[in-house]
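Just structure.txt here, compact mmCIF, C-alpha atoms:
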```
# COMPACT_ATOMS: atom_id res chain seq x y z
CA MET X 1 8.82 -25.52 -3.79
CA ILE X 2 6.60 -22.48 -3.39
CA VAL X 3 5.12 -21.34 -6.66
CA ILE X 4 3.99 -17.75 -6.97
CA VAL X 5 1.66 -17.42 -9.90
CA ASP X 6 2.33 -14.34 -12.00
CA TYR X 7 -0.78 -13.51 -13.95
CA GLY X 8 0.15 -9.92 -14.60
CA LEU X 9 -1.54 -8.26 -11.65
CA GLY X 10 0.08 -7.10 -8.48
CA ASN X 11 3.47 -6.66 -6.92
CA ILE X 12 4.82 -10.16 -7.32
CA ARG X 13 8.31 -9.15 -6.41
CA SER X 14 7.45 -8.25 -2.83
CA VAL X 15 5.87 -11.63 -2.27
CA SER X 16 8.77 -13.58 -3.74
CA ARG X 17 11.33 -11.47 -1.89
CA ALA X 18 9.53 -12.00 1.39
CA MET X 19 9.43 -15.75 0.90
CA GLU X 20 13.06 -15.86 -0.18
CA LYS X 21 14.00 -13.96 2.94
CA LEU X 22 12.24 -16.67 4.94
CA GLY X 23 14.37 -19.30 3.26
CA ALA X 24 11.78 -20.85 0.95
CA GLU X 25 12.57 -22.21 -2.49
CA VAL X 26 10.49 -19.97 -4.70
CA ILE X 27 9.56 -19.86 -8.38
CA VAL X 28 7.62 -17.01 -9.90
CA THR X 29 5.89 -18.30 -12.98
CA SER X 30 3.09 -17.97 -15.50
CA GLY X 31 3.69 -21.40 -16.93
CA LEU X 32 1.67 -24.50 -16.18
CA ALA X 33 4.70 -26.77 -16.14
CA ASN X 34 6.20 -24.82 -13.28
CA VAL X 35 2.92 -24.50 -11.40
CA LYS X 36 2.72 -28.30 -11.39
CA LYS X 37 5.94 -28.45 -9.39
CA ALA X 38 4.39 -26.69 -6.44
CA ASP X 39 4.18 -27.92 -2.87
CA GLY X 40 2.48 -24.65 -2.14
CA VAL X 41 0.82 -22.17 -4.49
CA VAL X 42 0.55 -18.48 -3.83
CA LEU X 43 -1.83 -16.34 -5.82
CA PRO X 44 -1.17 -12.70 -5.10
CA GLY X 45 -2.94 -9.91 -6.90
CA VAL X 46 -4.03 -6.37 -6.81
CA GLY X 47 -6.48 -5.09 -9.36
CA ALA X 48 -9.73 -6.09 -10.96
CA PHE X 49 -11.40 -9.46 -10.42
CA ARG X 50 -12.60 -9.67 -13.99
CA LYS X 51 -9.14 -9.02 -15.41
CA ALA X 52 -7.63 -11.54 -13.01
CA VAL X 53 -9.96 -14.29 -14.18
CA LYS X 54 -9.29 -13.44 -17.81
CA ASN X 55 -5.53 -13.38 -17.38
CA ILE X 56 -5.44 -16.70 -15.53
CA LYS X 57 -7.63 -18.31 -18.17
CA ASP X 58 -5.58 -16.85 -21.02
CA LEU X 59 -2.47 -18.36 -19.44
CA GLY X 60 -4.16 -21.76 -19.43
CA LEU X 61 -3.87 -22.05 -15.66
CA TRP X 62 -7.50 -21.85 -14.56
CA GLY X 63 -8.39 -25.52 -14.84
CA TYR X 64 -5.27 -26.82 -13.09
CA LEU X 65 -5.48 -24.24 -10.29
CA LYS X 66 -9.12 -25.05 -9.68
CA GLU X 67 -8.35 -28.75 -9.35
CA TYR X 68 -5.30 -28.05 -7.20
CA ILE X 69 -7.39 -25.99 -4.80
CA GLU X 70 -10.28 -28.48 -4.85
CA ASP X 71 -7.80 -31.13 -3.70
CA SER X 72 -7.14 -28.88 -0.69
CA ARG X 73 -3.45 -28.64 -1.46
CA PRO X 74 -1.54 -25.79 0.21
CA TYR X 75 -2.74 -22.54 -1.29
CA LEU X 76 -2.39 -18.94 -0.14
CA GLY X 77 -4.53 -16.33 -1.85
CA ILE X 78 -3.51 -12.75 -1.17
CA CYS X 79 -6.04 -9.97 -1.70
CA LEU X 80 -7.40 -10.73 -5.17
CA GLY X 81 -6.11 -14.28 -4.66
CA LEU X 82 -8.52 -14.62 -1.73
CA GLN X 83 -11.44 -13.15 -3.66
CA LEU X 84 -10.92 -15.51 -6.60
CA LEU X 85 -11.73 -18.47 -4.32
CA PHE X 86 -15.33 -17.33 -4.17
CA THR X 87 -18.36 -17.95 -6.34
CA LYS X 88 -18.62 -14.55 -7.89
CA SER X 89 -17.69 -10.90 -7.67
CA SER X 90 -19.80 -7.87 -8.44
CA GLU X 91 -16.84 -5.78 -9.59
CA HIS X 92 -17.45 -4.44 -13.15
CA GLY X 93 -20.52 -6.62 -13.66
CA THR X 94 -20.66 -10.20 -12.41
CA THR X 95 -17.70 -12.51 -12.87
CA ASN X 96 -17.37 -16.08 -11.64
CA GLY X 97 -14.43 -17.14 -9.50
CA PHE X 98 -13.10 -20.59 -8.64
CA ASP X 99 -16.22 -21.21 -6.52
CA ILE X 100 -14.25 -23.22 -3.97
CA ILE X 101 -15.84 -21.19 -1.21
CA ARG X 102 -19.50 -20.41 -1.78
CA GLY X 103 -20.18 -16.71 -1.41
CA SER X 104 -19.75 -13.40 -3.09
CA VAL X 105 -17.41 -10.45 -3.34
CA GLU X 106 -18.97 -7.03 -2.80
CA ARG X 107 -17.85 -3.41 -2.70
CA LEU X 108 -17.12 -1.77 0.66
CA PRO X 109 -19.85 0.65 1.83
CA GLU X 110 -19.80 4.22 0.52
CA GLU X 111 -19.69 5.67 4.06
CA VAL X 112 -15.97 5.00 4.24
CA LYS X 113 -13.10 6.14 2.01
CA ILE X 114 -12.42 3.58 -0.66
CA PRO X 115 -10.01 1.85 -1.08
CA HIS X 116 -9.52 0.54 2.44
CA MET X 117 -5.90 1.51 2.51
CA GLY X 118 -3.65 1.25 5.52
CA TRP X 119 -3.07 -0.80 8.62
CA ASN X 120 -6.02 -2.39 10.35
CA GLN X 121 -6.41 -4.92 13.09
CA VAL X 122 -7.24 -8.57 12.53
CA SER X 123 -8.89 -10.48 15.32
CA TYR X 124 -9.12 -14.24 15.28
CA PRO X 125 -11.70 -16.09 17.32
CA SER X 126 -9.56 -19.17 17.88
CA GLU X 127 -6.01 -20.40 17.56
CA ASN X 128 -4.93 -21.48 14.15
CA THR X 129 -1.71 -22.45 12.37
CA ILE X 130 -2.08 -19.36 10.19
CA PHE X 131 -1.56 -17.24 13.28
CA ASN X 132 1.35 -19.01 14.98
CA ASN X 133 3.48 -16.28 16.59
CA VAL X 134 0.99 -13.65 15.53
CA LYS X 135 -0.75 -11.87 18.39
CA ASN X 136 -4.49 -11.42 18.28
CA ASN X 137 -5.51 -7.99 17.00
CA SER X 138 -2.23 -7.39 15.21
CA PHE X 139 -2.20 -4.79 12.46
CA PHE X 140 -1.86 -5.85 8.83
CA TYR X 141 -1.68 -3.74 5.67
CA PHE X 142 -4.86 -3.62 3.59
CA ASP X 143 -5.39 -2.08 0.18
CA HIS X 144 -8.68 -3.08 -1.44
CA SER X 145 -12.13 -1.90 -2.39
CA TYR X 146 -14.04 -5.20 -2.29
CA TYR X 147 -14.55 -7.73 0.46
CA VAL X 148 -15.67 -11.35 0.66
CA ILE X 149 -18.95 -12.63 2.09
CA PRO X 150 -18.87 -16.41 2.57
CA ASP X 151 -22.18 -18.33 2.73
CA LYS X 152 -20.84 -20.44 5.59
CA LYS X 153 -19.28 -18.60 8.50
CA GLU X 154 -17.02 -21.46 9.57
CA VAL X 155 -14.46 -20.61 6.86
CA ILE X 156 -13.83 -17.27 8.56
CA ALA X 157 -10.54 -17.45 10.47
CA GLY X 158 -9.93 -13.74 11.06
CA VAL X 159 -12.00 -10.59 11.00
CA THR X 160 -11.40 -6.88 10.56
CA GLU X 161 -13.66 -3.85 10.58
CA TYR X 162 -13.92 -0.93 8.17
CA GLY X 163 -17.40 0.41 7.66
CA VAL X 164 -18.48 -3.19 8.02
CA LYS X 165 -17.05 -6.24 9.79
CA PHE X 166 -15.66 -8.58 7.17
CA PRO X 167 -13.38 -11.59 6.82
CA ALA X 168 -9.70 -10.71 6.75
CA VAL X 169 -8.70 -14.38 6.70
CA VAL X 170 -10.50 -17.46 5.44
CA LYS X 171 -9.37 -21.03 5.87
CA LYS X 172 -10.68 -24.23 4.38
CA GLY X 173 -8.28 -27.04 5.12
CA ASN X 174 -5.00 -26.14 3.44
CA ILE X 175 -6.61 -23.34 1.50
CA TRP X 176 -5.81 -20.02 3.08
CA GLY X 177 -6.95 -16.63 1.91
CA VAL X 178 -5.98 -13.25 3.32
CA GLN X 179 -7.50 -9.93 2.33
CA PHE X 180 -4.46 -7.97 3.50
CA HIS X 181 -0.89 -8.05 2.17
CA PRO X 182 1.39 -10.08 4.42
CA GLU X 183 4.34 -9.15 2.19
CA LYS X 184 3.70 -5.50 3.11
CA SER X 185 2.91 -6.06 6.75
CA SER X 186 6.43 -5.99 8.09
CA ASN X 187 7.46 -8.63 10.62
CA ILE X 188 3.95 -9.76 11.45
CA GLY X 189 3.30 -10.41 7.78
CA LEU X 190 6.50 -12.37 7.47
CA GLU X 191 5.41 -14.60 10.39
CA LEU X 192 2.21 -15.41 8.58
CA LEU X 193 4.09 -16.23 5.39
CA ARG X 194 6.45 -18.40 7.40
CA ASN X 195 3.45 -20.29 8.72
CA PHE X 196 2.30 -20.93 5.17
CA ILE X 197 5.73 -22.12 4.08
CA ASN X 198 5.81 -24.53 7.03
CA ASN X 199 2.35 -25.78 6.19
CA ALA X 200 3.34 -26.40 2.58
CA SER X 201 6.46 -28.40 3.34
CA MET W 1 -10.27 0.22 13.05
CA LEU W 2 -8.07 1.69 10.36
CA ALA W 3 -4.99 3.33 11.83
CA LYS W 4 -3.65 6.72 10.84
CA ARG W 5 -0.31 6.31 9.09
CA ILE W 6 3.08 7.90 9.68
CA ILE W 7 5.14 8.00 6.51
CA PRO W 8 8.76 9.15 6.46
CA CYS W 9 9.89 10.60 3.16
CA LEU W 10 13.43 10.39 1.87
CA ASP W 11 14.81 12.64 -0.84
CA VAL W 12 17.08 10.56 -3.01
CA LYS W 13 19.62 11.63 -5.60
CA ASP W 14 21.89 9.30 -7.55
CA GLY W 15 20.91 6.48 -5.24
CA ARG W 16 21.82 8.29 -2.01
CA ILE W 17 19.85 10.31 0.53
CA VAL W 18 20.27 14.04 0.19
CA LYS W 19 19.45 17.25 2.03
CA GLY W 20 21.72 17.05 4.98
CA ILE W 21 20.03 14.22 6.78
CA GLU W 22 21.85 12.93 9.80
CA PHE W 23 21.15 9.89 11.89
CA VAL W 24 22.85 9.87 15.23
CA ASN W 25 24.51 6.61 16.27
CA LEU W 26 23.82 4.86 13.00
CA ILE W 27 25.94 3.39 10.30
CA ASP W 28 25.91 5.09 6.91
CA ALA W 29 23.24 7.75 6.81
CA GLY W 30 23.45 8.00 3.05
CA ASP W 31 21.98 4.70 1.88
CA PRO W 32 18.22 4.86 1.35
CA VAL W 33 17.81 1.11 1.83
CA GLU W 34 19.50 1.17 5.21
CA ALA W 35 17.47 4.19 6.22
CA GLY W 36 14.38 2.35 4.98
CA GLU W 37 15.27 -0.67 7.11
CA ARG W 38 15.88 1.54 10.12
CA TYR W 39 12.55 3.28 9.69
CA THR W 40 10.77 -0.04 9.25
CA GLU W 41 12.21 -1.27 12.52
CA GLU W 42 10.96 1.92 14.10
CA GLU W 43 7.40 1.21 13.03
CA ALA W 44 7.10 3.51 10.03
CA ASP W 45 3.87 2.56 8.30
CA GLU W 46 5.05 3.24 4.77
CA LEU W 47 8.01 4.80 3.01
CA ILE W 48 8.28 7.38 0.28
CA PHE W 49 11.37 7.87 -1.87
CA LEU W 50 11.32 11.15 -3.78
CA ASP W 51 13.92 11.06 -6.46
CA ILE W 52 15.54 14.29 -7.58
CA THR W 53 18.24 12.71 -9.72
CA ALA W 54 18.78 14.76 -12.82
CA SER W 55 20.92 12.48 -14.91
CA SER W 56 19.89 10.28 -17.79
CA ASP W 57 20.78 7.24 -15.68
CA LYS W 58 17.94 8.11 -13.38
CA ARG W 59 15.51 5.35 -14.21
CA LYS W 60 18.21 2.71 -14.05
CA MET W 61 19.34 3.91 -10.62
CA GLN W 62 15.80 4.05 -9.33
CA VAL W 63 15.08 0.52 -10.48
CA GLU W 64 18.22 -0.72 -8.81
CA LEU W 65 17.33 1.10 -5.60
CA ILE W 66 13.78 -0.21 -5.54
CA ASP W 67 15.04 -3.70 -6.23
CA ARG W 68 17.39 -3.55 -3.25
CA THR W 69 14.73 -2.04 -1.05
CA ALA W 70 12.24 -4.76 -1.95
CA SER W 71 14.49 -7.46 -0.55
CA LYS W 72 14.91 -5.75 2.78
CA VAL W 73 11.86 -3.65 3.46
CA PHE W 74 8.43 -5.21 3.78
CA ILE W 75 6.17 -2.18 4.20
CA PRO W 76 4.60 -0.25 1.32
CA LEU W 77 6.98 1.81 -0.76
CA THR W 78 5.93 4.80 -2.85
CA VAL W 79 8.32 6.25 -5.39
CA GLY W 80 8.03 9.68 -6.94
CA GLY W 81 10.04 12.32 -8.72
CA GLY W 82 9.89 13.22 -12.39
CA ILE W 83 7.33 10.65 -13.48
CA ARG W 84 6.01 11.73 -16.88
CA SER W 85 4.94 8.66 -18.82
CA ILE W 86 3.28 5.29 -18.62
CA ASP W 87 6.66 3.70 -19.27
CA ASP W 88 8.09 5.44 -16.22
CA ILE W 89 5.28 4.04 -14.10
CA ASP W 90 5.62 0.60 -15.63
CA ASP W 91 9.35 0.46 -14.88
CA LEU W 92 8.93 1.53 -11.28
CA LEU W 93 6.04 -0.76 -10.42
CA LYS W 94 7.72 -3.72 -12.10
CA ALA W 95 10.88 -2.95 -10.12
CA GLY W 96 8.90 -3.45 -6.93
CA ALA W 97 7.43 -0.10 -5.94
CA ASP W 98 3.93 -0.47 -4.54
CA LYS W 99 2.78 2.97 -5.53
CA VAL W 100 4.02 5.80 -7.70
CA SER W 101 3.54 9.45 -6.91
CA ILE W 102 2.88 11.79 -9.83
CA ASN W 103 2.85 15.57 -9.55
CA THR W 104 3.82 17.77 -12.51
CA GLY W 105 3.35 14.82 -14.85
CA ALA W 106 -0.32 14.66 -13.90
CA VAL W 107 -0.99 18.37 -14.28
CA GLU W 108 0.60 18.46 -17.72
CA ASN W 109 -1.02 15.23 -18.83
CA PRO W 110 -4.08 14.23 -16.77
CA GLU W 111 -4.61 11.26 -19.08
CA LEU W 112 -1.59 9.73 -17.39
CA ILE W 113 -3.58 9.24 -14.20
CA LYS W 114 -6.50 7.77 -16.08
CA ARG W 115 -4.45 5.33 -18.11
CA SER W 116 -2.16 4.25 -15.31
CA SER W 117 -4.98 3.71 -12.83
CA GLU W 118 -6.85 1.67 -15.41
CA SER W 119 -3.82 -0.49 -16.08
CA TYR W 120 -2.52 -0.93 -12.57
CA GLY W 121 -5.41 -0.03 -10.36
CA SER W 122 -6.07 3.18 -8.42
CA GLN W 123 -4.31 1.84 -5.37
CA CYS W 124 -0.95 2.18 -7.15
CA ILE W 125 -1.44 5.78 -8.20
CA VAL W 126 -0.80 8.63 -5.79
CA CYS W 127 -1.31 12.15 -7.02
CA ALA W 128 0.97 14.64 -5.29
CA ILE W 129 -0.38 18.18 -5.12
CA ASP W 130 1.70 21.19 -4.10
CA ALA W 131 -0.64 23.98 -3.07
CA LYS W 132 -0.17 27.59 -2.06
CA ARG W 133 -2.72 30.04 -0.66
CA ALA W 134 -4.05 32.38 -3.32
CA GLY W 135 -5.13 35.72 -1.98
CA SER W 136 -7.13 36.05 1.22
CA LEU W 137 -10.01 33.68 0.46
CA GLN W 138 -10.02 30.00 1.33
CA LYS W 139 -8.45 29.19 -1.99
CA TRP W 140 -5.23 27.49 -2.93
CA GLU W 141 -3.41 27.35 -6.23
CA VAL W 142 -1.62 24.29 -7.60
CA TYR W 143 2.09 24.67 -8.34
CA THR W 144 4.26 22.38 -10.44
CA TYR W 145 8.00 21.83 -11.01
CA GLY W 146 8.85 21.49 -7.35
CA GLY W 147 6.71 24.44 -6.33
CA ARG W 148 8.22 26.83 -8.82
CA LYS W 149 5.50 27.20 -11.44
CA PRO W 150 2.01 28.53 -10.63
CA THR W 151 -0.71 26.92 -12.72
CA ALA W 152 -3.80 29.03 -11.91
CA ILE W 153 -5.55 25.72 -11.14
CA ASP W 154 -7.62 25.59 -7.95
CA ALA W 155 -6.27 22.89 -5.64
CA LEU W 156 -9.69 21.61 -4.53
CA VAL W 157 -10.92 21.41 -8.10
CA TRP W 158 -7.76 19.58 -9.11
CA ALA W 159 -8.04 17.17 -6.18
CA GLN W 160 -11.55 16.23 -7.24
CA LYS W 161 -10.46 15.92 -10.84
CA VAL W 162 -7.64 13.50 -10.06
CA GLU W 163 -9.96 11.40 -7.95
CA GLU W 164 -12.33 11.21 -10.89
CA LEU W 165 -9.47 10.23 -13.17
CA GLY W 166 -8.63 7.35 -10.88
CA ALA W 167 -5.96 8.43 -8.40
CA GLY W 168 -6.14 6.24 -5.31
CA GLU W 169 -4.58 8.69 -2.88
CA ILE W 170 -3.52 12.33 -2.62
CA LEU W 171 -0.21 13.51 -1.19
CA LEU W 172 -0.96 17.10 -0.29
CA THR W 173 1.85 19.55 0.43
CA SER W 174 1.24 23.03 1.69
CA MET W 175 3.88 25.26 0.20
CA ASP W 176 3.11 27.94 2.76
CA ALA W 177 3.75 25.63 5.69
CA ASP W 178 6.56 23.55 4.25
CA GLY W 179 9.85 24.16 6.01
CA THR W 180 8.35 26.44 8.67
CA GLN W 181 7.95 23.76 11.35
CA ASN W 182 4.94 25.77 12.53
CA GLY W 183 2.34 23.17 11.75
CA TYR W 184 0.53 21.87 8.69
CA ASP W 185 -1.99 23.98 6.78
CA ILE W 186 -5.08 22.69 8.54
CA GLU W 187 -7.69 24.45 6.39
CA LEU W 188 -6.11 23.23 3.18
CA THR W 189 -5.91 19.65 4.44
CA ARG W 190 -9.46 19.61 5.77
CA SER W 191 -10.86 21.21 2.63
CA VAL W 192 -9.24 18.65 0.37
CA SER W 193 -10.07 15.76 2.67
CA GLU W 194 -13.72 16.76 2.67
CA ALA W 195 -13.78 17.30 -1.07
CA VAL W 196 -12.66 13.80 -2.01
CA ASN W 197 -13.40 10.24 -0.98
CA ILE W 198 -9.85 8.94 -1.29
CA PRO W 199 -7.15 9.02 1.42
CA VAL W 200 -5.17 12.21 1.92
CA ILE W 201 -1.58 12.28 3.18
CA ALA W 202 -0.73 15.63 4.75
CA SER W 203 2.69 17.12 4.14
CA GLY W 204 4.52 20.32 4.98
CA GLY W 205 5.01 22.11 8.30
CA ALA W 206 5.45 19.47 10.98
CA GLY W 207 7.54 20.85 13.84
CA ASN W 208 6.24 19.01 16.86
CA LEU W 209 3.97 16.12 17.74
CA GLU W 210 0.98 18.35 18.46
CA HIS W 211 1.05 19.32 14.78
CA LEU W 212 0.57 15.69 13.82
CA VAL W 213 -2.46 15.48 16.12
CA GLU W 214 -3.97 18.66 14.67
CA VAL W 215 -3.68 17.65 11.06
CA LEU W 216 -5.03 14.15 11.69
CA GLN W 217 -7.96 15.37 13.77
CA GLU W 218 -8.97 18.87 12.67
CA GLY W 219 -7.27 18.50 9.32
CA LYS W 220 -8.97 15.14 8.73
CA ALA W 221 -5.87 13.72 7.11
CA ASP W 222 -5.55 9.95 6.85
CA ALA W 223 -1.79 9.96 7.10
CA VAL W 224 1.11 12.30 7.78
CA LEU W 225 4.29 12.62 5.85
CA ALA W 226 7.14 13.86 7.91
CA ALA W 227 10.69 14.44 6.91
CA SER W 228 12.70 16.80 9.12
CA ILE W 229 11.28 15.93 12.50
CA PHE W 230 12.25 12.29 12.04
CA HIS W 231 15.35 12.67 9.91
CA PHE W 232 16.96 15.07 12.37
CA ARG W 233 15.88 12.83 15.24
CA LYS W 234 13.84 15.50 16.92
CA TYR W 235 11.36 12.75 17.61
CA THR W 236 11.29 9.05 16.88
CA ILE W 237 8.33 7.35 15.27
CA PRO W 238 7.54 5.31 18.39
CA GLN W 239 7.46 8.57 20.39
CA ALA W 240 5.14 10.10 17.84
CA LYS W 241 2.84 7.07 17.93
CA ALA W 242 2.74 7.03 21.71
CA PHE W 243 1.74 10.69 21.68
CA LEU W 244 -0.94 10.15 19.05
CA LYS W 245 -2.28 7.17 20.94
CA GLU W 246 -2.56 9.23 24.12
CA LYS W 247 -4.69 11.71 22.21
CA GLY W 248 -7.05 8.96 21.15
CA ILE W 249 -5.77 8.52 17.62
CA ILE W 250 -5.59 4.94 16.38
CA VAL W 251 -2.08 4.05 15.31
CA ARG W 252 -0.49 0.77 14.48
CA ASP W 253 1.62 -0.57 17.28
CA VAL W 254 3.67 -3.70 17.27
```

Using structure tokens, write down the structure that the file contains.
Amino acid sequence: MIVIVDYGLGNIRSVSRAMEKLGAEVIVTSGLANVKKADGVVLPGVGAFRKAVKNIKDLGLWGYLKEYIEDSRPYLGICLGLQLLFTKSSEHGTTNGFDIIRGSVERLPEEVKIPHMGWNQVSYPSENTIFNNVKNNSFFYFDHSYYVIPDKKEVIAGVTEYGVKFPAVVKKGNIWGVQFHPEKSSNIGLELLRNFINNAS
Amino acid sequence: MLAKRIIPCLDVKDGRIVKGIEFVNLIDAGDPVEAGERYTEEEADELIFLDITASSDKRKMQVELIDRTASKVFIPLTVGGGIRSIDDIDDLLKAGADKVSINTGAVENPELIKRSSESYGSQCIVCAIDAKRAGSLQKWEVYTYGGRKPTAIDALVWAQKVEELGAGEILLTSMDADGTQNGYDIELTRSVSEAVNIPVIASGGAGNLEHLVEVLQEGKADAVLAASIFHFRKYTIPQAKAFLKEKGIIVRDV
């Protein structure tokens, strides 16, 4: 059972539709009882870090999700869902995230148009289950203004470049985080989601 | 590096494609979802549905259309046409649209951009601007109501204003170039692109692939909207991308 957490931010429907198309059993939920049924948790999200944290806490999901992720159970964070894994974000003042991956979330440099919106290439230094059937340097769809900076480089599984080189994919055991939107990245994105579904089952 | 985007735009009315669009060798040219699927297979980077439905059932039909599209099409979808209120935006984003495009609604009520971008994030809010040259200077005037009503508002000033209010992207249509197939309005596109720090989608005037190159390079556009040249199968998207790539423009290939 793949649980997609709906905390009021982002286009949940695209994610659930994509996973349904791939044949996964999917629940979209804001309720703790349902989240507990998960074999795999997906945290999508587009919007502000601070609001995301508040919404998740208000729903009473923060504590359980933090433990779930700390246990290295299958987790896919998309965009904001990736950023929330980190220690803190500088968006709208400083807000603390799950702190599963030590590091920070910073704004993209002013030299480039913000948000980083469109298709960009993701290169991965080594083979990885996240990228099964995904060619190196494939294009994925990005739409964000902040990027993650992990303290330890070994969590970085894929990189992209836009004004600065930054992690497009992080991996820590079964915890996966992607800065781009696989549910908007056509067939390549669907392959990545398929890899997550396989990893969670 | 970030690729330039090619975005086909479909005019939709009562849930069907309109404006005499024909697809050779394809089943059912009239269904936007099928056209969307076809375009996705052909490497379109995003899709825009512009809805010109007049009836009171409009919102319901749009929601149903977006819902169907979301289960088949996995590239970004922008929906526009007659958006006037926060409720309109709410309905469309909840139905599964990734972005909404607001034109007249924004000019008549700029607060709409501010409030919607605060609620949903700038990345969901596209401001469409229809602009026409005013006199002989490098000035353009904003028009509303499908290009019928002049507003006396300067297009560059308006572009900067909507960016300030929180729009995440500008869809810029040159009324002078639109329909001519003689190329985009390069000066307009470049002027707006240089005036703002958000992406600009160029629209209006594409007749051949060289036009796409011009507007992306000299015009400094981040993306091109094209309707006729793709709908009437003058070129396919893969052809367009191959051409752009030859000219050194980064495009997404699969």

Next item on the list: Kindly provide, as an MDAnalysis selection string, the residues of chain W having any atom no farther than 7 Å from an atom of chain X, counting only C-alpha atoms.
Entry: chainID W and resid 1:3 70:71 74:76 96 98 120:121 123 197:199 252

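Distance-wise, atom CA of X:Ser30 and atom CA of X:Phe196 end up 20.9 Å apart.
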
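Note that atom CA of X:Lys88 and atom CA of W:Gly166 are 24.3 Å apart.
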
Who sits within 10 Å of stretch 134-151 of chain W, all atoms listed in the file, same chain under 6 positions skipped, as an mmCIF file with C-alpha atoms, in the frame of the given file:
```
data_model
loop_
_atom_site.group_PDB
_atom_site.id
_atom_site.type_symbol
_atom_site.label_atom_id
_atom_site.label_comp_id
_atom_site.auth_asym_id
_atom_site.auth_seq_id
_atom_site.Cartn_x
_atom_site.Cartn_y
_atom_site.Cartn_z
ATOM 1 C CA ILE W 52 15.540 14.290 -7.580
ATOM 2 C CA GLY W 81 10.040 12.320 -8.720
ATOM 3 C CA GLY W 82 9.890 13.220 -12.390
ATOM 4 C CA ASN W 103 2.850 15.570 -9.550
ATOM 5 C CA THR W 104 3.820 17.770 -12.510
ATOM 6 C CA GLY W 105 3.350 14.820 -14.850
ATOM 7 C CA ALA W 106 -0.320 14.660 -13.900
ATOM 8 C CA VAL W 107 -0.990 18.370 -14.280
ATOM 9 C CA GLU W 108 0.600 18.460 -17.720
ATOM 10 C CA ALA W 128 0.970 14.640 -5.290
ATOM 11 C CA VAL W 157 -10.920 21.410 -8.100
ATOM 12 C CA TRP W 158 -7.760 19.580 -9.110
ATOM 13 C CA ALA W 159 -8.040 17.170 -6.180
ATOM 14 C CA THR W 173 1.850 19.550 0.430
ATOM 15 C CA SER W 174 1.240 23.030 1.690
ATOM 16 C CA MET W 175 3.880 25.260 0.200
ATOM 17 C CA GLU W 187 -7.690 24.450 6.390
ATOM 18 C CA LEU W 188 -6.110 23.230 3.180
ATOM 19 C CA SER W 191 -10.860 21.210 2.630
#
```

Item checked: Residue nearest X:Val35 - candidates X:Leu59, X:Val5, X:Leu22, X:Val53, atoms counted: all atoms listed in the file -> X:Val5

Note to self: Give me the residues near stretch 160-164 of chain W as a ChimeraX atom specification, where near means some atom within 8 Å (using only C-alpha atoms) and where sequence neighbours in that chain fewer than 4 positions away do not count.
What the structure shows: /W:110,113,127,156,168-169,195-198

Notebook entry, point to check: Counting only C-alpha atoms, what is within 9 Å of X:Leu84, bar same-chain residues fewer than 2 positions away, as a PyMOL selection string?
Noted result: chain X and resi 49+52-53+77+79-82+86-89+96-100+105

For the residues in the current selection, export C-alpha atoms as a PDB file, in the frame of the given file.
```pdb
ATOM      1  CA  PHE X  49     -11.400  -9.460 -10.420  1.00  0.00           C
ATOM      2  CA  ALA X  52      -7.630 -11.540 -13.010  1.00  0.00           C
ATOM      3  CA  VAL X  53      -9.960 -14.290 -14.180  1.00  0.00           C
ATOM      4  CA  GLY X  77      -4.530 -16.330  -1.850  1.00  0.00           C
ATOM      5  CA  CYS X  79      -6.040  -9.970  -1.700  1.00  0.00           C
ATOM      6  CA  LEU X  80      -7.400 -10.730  -5.170  1.00  0.00           C
ATOM      7  CA  GLY X  81      -6.110 -14.280  -4.660  1.00  0.00           C
ATOM      8  CA  LEU X  82      -8.520 -14.620  -1.730  1.00  0.00           C
ATOM      9  CA  PHE X  86     -15.330 -17.330  -4.170  1.00  0.00           C
ATOM     10  CA  THR X  87     -18.360 -17.950  -6.340  1.00  0.00           C
ATOM     11  CA  LYS X  88     -18.620 -14.550  -7.890  1.00  0.00           C
ATOM     12  CA  SER X  89     -17.690 -10.900  -7.670  1.00  0.00           C
ATOM     13  CA  ASN X  96     -17.370 -16.080 -11.640  1.00  0.00           C
ATOM     14  CA  GLY X  97     -14.430 -17.140  -9.500  1.00  0.00           C
ATOM     15  CA  PHE X  98     -13.100 -20.590  -8.640  1.00  0.00           C
ATOM     16  CA  ASP X  99     -16.220 -21.210  -6.520  1.00  0.00           C
ATOM     17  CA  ILE X 100     -14.250 -23.220  -3.970  1.00  0.00           C
ATOM     18  CA  VAL X 105     -17.410 -10.450  -3.340  1.00  0.00           C
TER      19      VAL X 105
END
```

Check: Hey, what's within 10 Å of X:Lys152 if we count only C-alpha atoms and toss same-chain stuff fewer than 6 positions away? As an MDAnalysis selection string, please?
Finding: chainID X and resid 101:103

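Rounded to one decimal, atom CA of X:Leu43 and atom CA of X:Gln179 lie 11.8 Å from each other.
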
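Across X:Thr94, X:Ser104, X:Asn136, X:Thr129, the tightest approach to X:Asn198 is made by X:Thr129 when counting all atoms listed in the file.
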
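Distance annotation: of X:Lys54, X:Arg194, X:Lys37, X:Lys153, the residue with the minimal separation from X:Ile130 is X:Arg194; atom set is all atoms listed in the file.
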
Note to self: Which residue is closest to X:Ile56? Choose from X:Gly31, X:Tyr68, X:Val41, X:Tyr75 and count all atoms listed in the file.
What the structure shows: X:Gly31

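Excluding W:Ser228 itself and same-chain residues fewer than 3 positions from it, the residues having an atom within 12 Å of it are Ile7, Pro8, Cys9, Leu10, Asp11, Lys19, Gly20, Ile21, Glu22, Phe23, Asp178, Gly179, Thr180, Gln181, Ser203, Gly204, Gly205, Ala206, Gly207, Asn208, Leu225, His231, Phe232, Arg233, Lys234, Tyr235 and Thr236 of chain W, counting all atoms listed in the file.
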